[in-house]
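File shown: work-v3.pdb. Contents: PDB, C-alpha atoms, pLDDT in the B column.
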ATOM      1  CA  ASN A   1       0.000   0.000   0.000  1.00 53.00           C
ATOM      2  CA  PHE A   2       0.988   3.589  -0.491  1.00 60.00           C
ATOM      3  CA  ALA A   3       0.505   6.398   2.008  1.00 65.00           C
ATOM      4  CA  MET A   4       1.657   9.973   2.107  1.00 74.00           C
ATOM      5  CA  LEU A   5       1.961  12.551   4.835  1.00 79.00           C
ATOM      6  CA  ARG A   6       1.752  16.075   3.521  1.00 85.00           C
ATOM      7  CA  ALA A   7       2.754  18.922   5.806  1.00 88.00           C
ATOM      8  CA  SER A   8       2.296  22.455   4.559  1.00 89.00           C
ATOM      9  CA  PHE A   9       3.529  25.617   6.246  1.00 89.00           C
ATOM     10  CA  GLY A  10       2.693  29.220   5.393  1.00 88.00           C
ATOM     11  CA  LEU A  11       5.876  31.129   6.192  1.00 89.00           C
ATOM     12  CA  THR A  12       6.963  34.723   6.324  1.00 88.00           C
ATOM     13  CA  ALA A  13      10.190  35.753   4.590  1.00 87.00           C
ATOM     14  CA  GLU A  14      11.947  35.356   7.934  1.00 91.00           C
ATOM     15  CA  GLY A  15      10.397  31.917   8.445  1.00 90.00           C
ATOM     16  CA  LEU A  16      11.611  30.838   5.021  1.00 90.00           C
ATOM     17  CA  GLY A  17      15.124  31.492   6.278  1.00 90.00           C
ATOM     18  CA  HIS A  18      14.553  28.953   9.062  1.00 93.00           C
ATOM     19  CA  LEU A  19      13.194  26.161   6.885  1.00 91.00           C
ATOM     20  CA  ASP A  20      15.655  23.527   8.136  1.00 92.00           C
ATOM     21  CA  GLU A  21      14.714  24.259  11.747  1.00 95.00           C
ATOM     22  CA  ILE A  22      11.010  23.973  10.902  1.00 93.00           C
ATOM     23  CA  VAL A  23      11.513  20.575   9.250  1.00 92.00           C
ATOM     24  CA  GLU A  24      13.581  19.415  12.245  1.00 94.00           C
ATOM     25  CA  THR A  25      10.770  20.514  14.568  1.00 95.00           C
ATOM     26  CA  LEU A  26       8.218  18.585  12.498  1.00 94.00           C
ATOM     27  CA  TYR A  27      10.257  15.378  12.759  1.00 94.00           C
ATOM     28  CA  ALA A  28      10.905  15.960  16.464  1.00 95.00           C
ATOM     29  CA  ALA A  29       7.135  16.056  16.945  1.00 94.00           C
ATOM     30  CA  ILE A  30       6.729  12.841  14.943  1.00 93.00           C
ATOM     31  CA  GLN A  31       9.489  11.227  17.037  1.00 94.00           C
ATOM     32  CA  SER A  32       7.645  12.264  20.203  1.00 94.00           C
ATOM     33  CA  ILE A  33       4.450  10.654  18.898  1.00 92.00           C
ATOM     34  CA  ARG A  34       6.442   7.541  18.015  1.00 91.00           C
ATOM     35  CA  GLN A  35       7.826   7.309  21.558  1.00 93.00           C
ATOM     36  CA  LYS A  36       4.701   8.259  23.539  1.00 92.00           C
ATOM     37  CA  GLY A  37       2.088   6.786  21.239  1.00 89.00           C
ATOM     38  CA  ILE A  38      -1.194   8.315  20.224  1.00 88.00           C
ATOM     39  CA  PRO A  39      -3.644   8.714  23.116  1.00 91.00           C
ATOM     40  CA  ASP A  40      -6.769   6.551  23.042  1.00 88.00           C
ATOM     41  CA  TYR A  41      -9.045   9.594  22.969  1.00 92.00           C
ATOM     42  CA  ILE A  42      -7.694  10.511  19.506  1.00 89.00           C
ATOM     43  CA  PHE A  43      -8.762   7.142  18.076  1.00 84.00           C
ATOM     44  CA  GLU A  44     -12.125   7.406  19.847  1.00 87.00           C
ATOM     45  CA  GLU A  45     -12.717  10.920  18.521  1.00 89.00           C
ATOM     46  CA  CYS A  46     -11.824   9.873  14.980  1.00 84.00           C
ATOM     47  CA  ARG A  47     -14.187   6.904  15.235  1.00 84.00           C
ATOM     48  CA  ASP A  48     -16.979   9.120  16.583  1.00 87.00           C
ATOM     49  CA  MET A  49     -16.524  11.769  13.884  1.00 87.00           C
ATOM     50  CA  ARG A  50     -16.579   9.150  11.136  1.00 80.00           C
ATOM     51  CA  GLU A  51     -19.782   7.711  12.605  1.00 83.00           C
ATOM     52  CA  VAL A  52     -21.376  11.175  12.479  1.00 85.00           C
ATOM     53  CA  ARG A  53     -20.250  11.503   8.863  1.00 79.00           C
ATOM     54  CA  TRP A  54     -21.811   8.088   8.117  1.00 73.00           C
ATOM     55  CA  ARG A  55     -25.100   8.929   9.805  1.00 79.00           C
ATOM     56  CA  PHE A  56     -25.483  12.359   8.151  1.00 83.00           C
ATOM     57  CA  GLN A  57     -23.910  11.788   4.744  1.00 76.00           C
ATOM     58  CA  SER A  58     -25.251  13.583   1.706  1.00 79.00           C
ATOM     59  CA  LYS A  59     -26.687  11.743  -1.266  1.00 83.00           C
ATOM     60  CA  GLU A  60     -24.053  10.715  -3.809  1.00 78.00           C
ATOM     61  CA  PRO A  61     -24.456   9.828  -7.474  1.00 84.00           C
ATOM     62  CA  SER A  62     -24.996   6.092  -7.991  1.00 83.00           C
ATOM     63  CA  LEU A  63     -21.918   5.753 -10.191  1.00 86.00           C
ATOM     64  CA  ASP A  64     -19.686   7.208  -7.434  1.00 81.00           C
ATOM     65  CA  ILE A  65     -21.125   4.766  -4.904  1.00 76.00           C
ATOM     66  CA  ALA A  66     -20.628   1.806  -7.270  1.00 80.00           C
ATOM     67  CA  LEU A  67     -16.993   2.769  -7.990  1.00 85.00           C
ATOM     68  CA  ALA A  68     -16.291   3.210  -4.273  1.00 78.00           C
ATOM     69  CA  MET A  69     -17.731  -0.243  -3.546  1.00 78.00           C
ATOM     70  CA  VAL A  70     -15.575  -1.825  -6.247  1.00 81.00           C
ATOM     71  CA  GLU A  71     -12.521  -0.262  -4.606  1.00 80.00           C
ATOM     72  CA  LEU A  72     -13.615  -1.608  -1.203  1.00 73.00           C
ATOM     73  CA  ILE A  73     -14.083  -5.096  -2.643  1.00 77.00           C
ATOM     74  CA  GLN A  74     -10.571  -4.910  -4.108  1.00 80.00           C
ATOM     75  CA  ARG A  75      -9.268  -3.932  -0.659  1.00 74.00           C
ATOM     76  CA  GLY A  76     -10.876  -7.020   0.862  1.00 73.00           C
ATOM     77  CA  TYR A  77     -13.965  -5.558   2.553  1.00 71.00           C
ATOM     78  CA  GLY A  78     -16.722  -8.101   3.058  1.00 70.00           C
ATOM     79  CA  PRO A  79     -20.421  -7.711   2.178  1.00 70.00           C
ATOM     80  CA  ASP A  80     -21.268  -6.640   5.733  1.00 68.00           C
ATOM     81  CA  SER A  81     -19.071  -3.528   5.503  1.00 68.00           C
ATOM     82  CA  LEU A  82     -19.366  -2.423   1.873  1.00 62.00           C
ATOM     83  CA  ALA A  83     -21.894   0.336   2.546  1.00 64.00           C
ATOM     84  CA  SER A  84     -20.126   1.729   5.605  1.00 61.00           C
ATOM     85  CA  GLY A  85     -16.508   0.910   4.724  1.00 61.00           C
ATOM     86  CA  ARG A  86     -15.669   4.384   3.457  1.00 59.00           C
ATOM     87  CA  PHE A  87     -17.058   6.036   6.561  1.00 57.00           C
ATOM     88  CA  LEU A  88     -16.705   3.990   9.718  1.00 54.00           C
ATOM     89  CA  LEU A  89     -13.372   3.414  11.424  1.00 59.00           C
ATOM     90  CA  ALA A  90     -12.926  -0.309  11.949  1.00 62.00           C
ATOM     91  CA  ASP A  91     -10.030  -2.620  12.626  1.00 60.00           C
ATOM     92  CA  PRO A  92      -8.466  -3.752   9.336  1.00 61.00           C
ATOM     93  CA  GLY A  93      -8.793  -7.451  10.158  1.00 62.00           C
ATOM     94  CA  GLU A  94      -6.121 -10.123  10.005  1.00 63.00           C
ATOM     95  CA  GLY A  95      -5.682  -9.746  13.774  1.00 65.00           C
ATOM     96  CA  ARG A  96      -4.457  -6.148  13.432  1.00 70.00           C
ATOM     97  CA  SER A  97      -5.871  -3.064  15.100  1.00 77.00           C
ATOM     98  CA  ILE A  98      -6.098   0.484  13.788  1.00 78.00           C
ATOM     99  CA  ARG A  99      -3.528   1.434  16.430  1.00 82.00           C
ATOM    100  CA  ALA A 100      -1.083  -1.210  15.144  1.00 83.00           C
ATOM    101  CA  VAL A 101      -1.470   0.012  11.572  1.00 81.00           C
ATOM    102  CA  VAL A 102      -0.950   3.650  12.618  1.00 84.00           C
ATOM    103  CA  ASP A 103       2.057   2.730  14.757  1.00 87.00           C
ATOM    104  CA  ALA A 104       3.607   0.857  11.809  1.00 85.00           C
ATOM    105  CA  LEU A 105       3.038   3.887   9.597  1.00 86.00           C
ATOM    106  CA  ILE A 106       4.543   6.356  12.087  1.00 89.00           C
ATOM    107  CA  VAL A 107       7.757   4.300  12.205  1.00 89.00           C
ATOM    108  CA  GLN A 108       8.139   4.954   8.463  1.00 88.00           C
ATOM    109  CA  LEU A 109       7.882   8.759   8.823  1.00 90.00           C
ATOM    110  CA  THR A 110      11.551   9.683   8.887  1.00 90.00           C
ATOM    111  CA  PRO A 111      13.546  12.458   7.224  1.00 89.00           C
ATOM    112  CA  GLN A 112      15.443   9.843   5.196  1.00 89.00           C
ATOM    113  CA  ARG A 113      12.193   8.589   3.642  1.00 88.00           C
ATOM    114  CA  SER A 114      10.880  12.060   2.815  1.00 88.00           C
ATOM    115  CA  GLN A 115      10.680  14.354  -0.142  1.00 87.00           C
ATOM    116  CA  TYR A 116      10.661  18.110   0.384  1.00 85.00           C
ATOM    117  CA  THR A 117       9.347  20.823  -1.884  1.00 86.00           C
ATOM    118  CA  THR A 118       9.676  24.516  -1.154  1.00 86.00           C
ATOM    119  CA  LEU A 119       7.637  27.063  -3.072  1.00 84.00           C
ATOM    120  CA  SER A 120       8.047  30.802  -2.695  1.00 83.00           C
ATOM    121  CA  PRO A 121       7.331  33.828  -4.866  1.00 81.00           C
ATOM    122  CA  THR A 122      10.747  35.138  -3.754  1.00 79.00           C
ATOM    123  CA  PHE A 123      12.614  32.401  -5.629  1.00 74.00           C
ATOM    124  CA  ALA A 124      14.086  33.559  -8.929  1.00 69.00           C
ATOM    125  CA  PRO A 125      13.046  31.580 -12.016  1.00 70.00           C
ATOM    126  CA  GLU A 126      15.713  29.255 -13.379  1.00 67.00           C
TER     127      GLU A 126
END
Please express the file's structure as structure tokens.
Amino acid sequence: NFAMLRASFGLTAEGLGHLDEIVETLYAAIQSIRQKGIPDYIFEECRDMREVRWRFQSKEPSLDIALAMVELIQRGYGPDSLASGRFLLADPGEGRSIRAVVDALIVQLTPQRSQYTTLSPTFAPE
């Protein structure tokens, strides 16, 4: 599977001069999460918010629903979770928990495995 973390910062001209420090601070925060773990209330809040989204979803075109269900089938969702699979937060199966999947992902978030892009109107065209 493929996952991406995108972090975006709106910086002043002075902040742009401290870009390396900002990136170091981002990865220090990720390291702290890696060491301390994500608190249970975060997972509970995410689950609750997704349930609200499921209960109060807007009507979607039939073709969009059908394409989403095909994608869920390809990901291994069973018939009992096809309708709610895009909305509700559930354990991924195979004896794994959401927490275990997130923890495995956080371990991969390192500066060595990252790509950085800096955009600024102050940069001269090449």
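For the pair CA of Ile98 in chain A and CA of Lys59 in chain A, the separation is 27.9 Å.
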Could you list, as a PyMOL selection string, every residue matched by the PyMOL selection byres ((chain A and resi 103) around 12) in this structure? chain A and resi 30-31+33-39+96-102+104-109
Deliver the residues from the most recent selection as a file, using C-alpha atoms, as a PDB file, in the frame of the given file.
ATOM      1  CA  ILE A  30       6.729  12.841  14.943  1.00 93.00           C
ATOM      2  CA  GLN A  31       9.489  11.227  17.037  1.00 94.00           C
ATOM      3  CA  ILE A  33       4.450  10.654  18.898  1.00 92.00           C
ATOM      4  CA  ARG A  34       6.442   7.541  18.015  1.00 91.00           C
ATOM      5  CA  GLN A  35       7.826   7.309  21.558  1.00 93.00           C
ATOM      6  CA  LYS A  36       4.701   8.259  23.539  1.00 92.00           C
ATOM      7  CA  GLY A  37       2.088   6.786  21.239  1.00 89.00           C
ATOM      8  CA  ILE A  38      -1.194   8.315  20.224  1.00 88.00           C
ATOM      9  CA  PRO A  39      -3.644   8.714  23.116  1.00 91.00           C
ATOM     10  CA  ARG A  96      -4.457  -6.148  13.432  1.00 70.00           C
ATOM     11  CA  SER A  97      -5.871  -3.064  15.100  1.00 77.00           C
ATOM     12  CA  ILE A  98      -6.098   0.484  13.788  1.00 78.00           C
ATOM     13  CA  ARG A  99      -3.528   1.434  16.430  1.00 82.00           C
ATOM     14  CA  ALA A 100      -1.083  -1.210  15.144  1.00 83.00           C
ATOM     15  CA  VAL A 101      -1.470   0.012  11.572  1.00 81.00           C
ATOM     16  CA  VAL A 102      -0.950   3.650  12.618  1.00 84.00           C
ATOM     17  CA  ALA A 104       3.607   0.857  11.809  1.00 85.00           C
ATOM     18  CA  LEU A 105       3.038   3.887   9.597  1.00 86.00           C
ATOM     19  CA  ILE A 106       4.543   6.356  12.087  1.00 89.00           C
ATOM     20  CA  VAL A 107       7.757   4.300  12.205  1.00 89.00           C
ATOM     21  CA  GLN A 108       8.139   4.954   8.463  1.00 88.00           C
ATOM     22  CA  LEU A 109       7.882   8.759   8.823  1.00 90.00           C
TER      23      LEU A 109
END
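The space between CA of Tyr41 in chain A and CA of Gln57 in chain A spans 23.6 Å.
CA of Asp48 in chain A is positioned 26.3 Å from CA of Ser8 in chain A.
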Explicit residues for the PyMOL selection byres ((chain A and resi 9) around 12) (as a list of chain:residue names): A:Arg6, A:Ala7, A:Ser8, A:Gly10, A:Leu11, A:Thr12, A:Gly15, A:Leu16, A:His18, A:Leu19, A:Ile22, A:Val23, A:Leu26, A:Tyr116, A:Thr117, A:Thr118, A:Leu119, A:Ser120
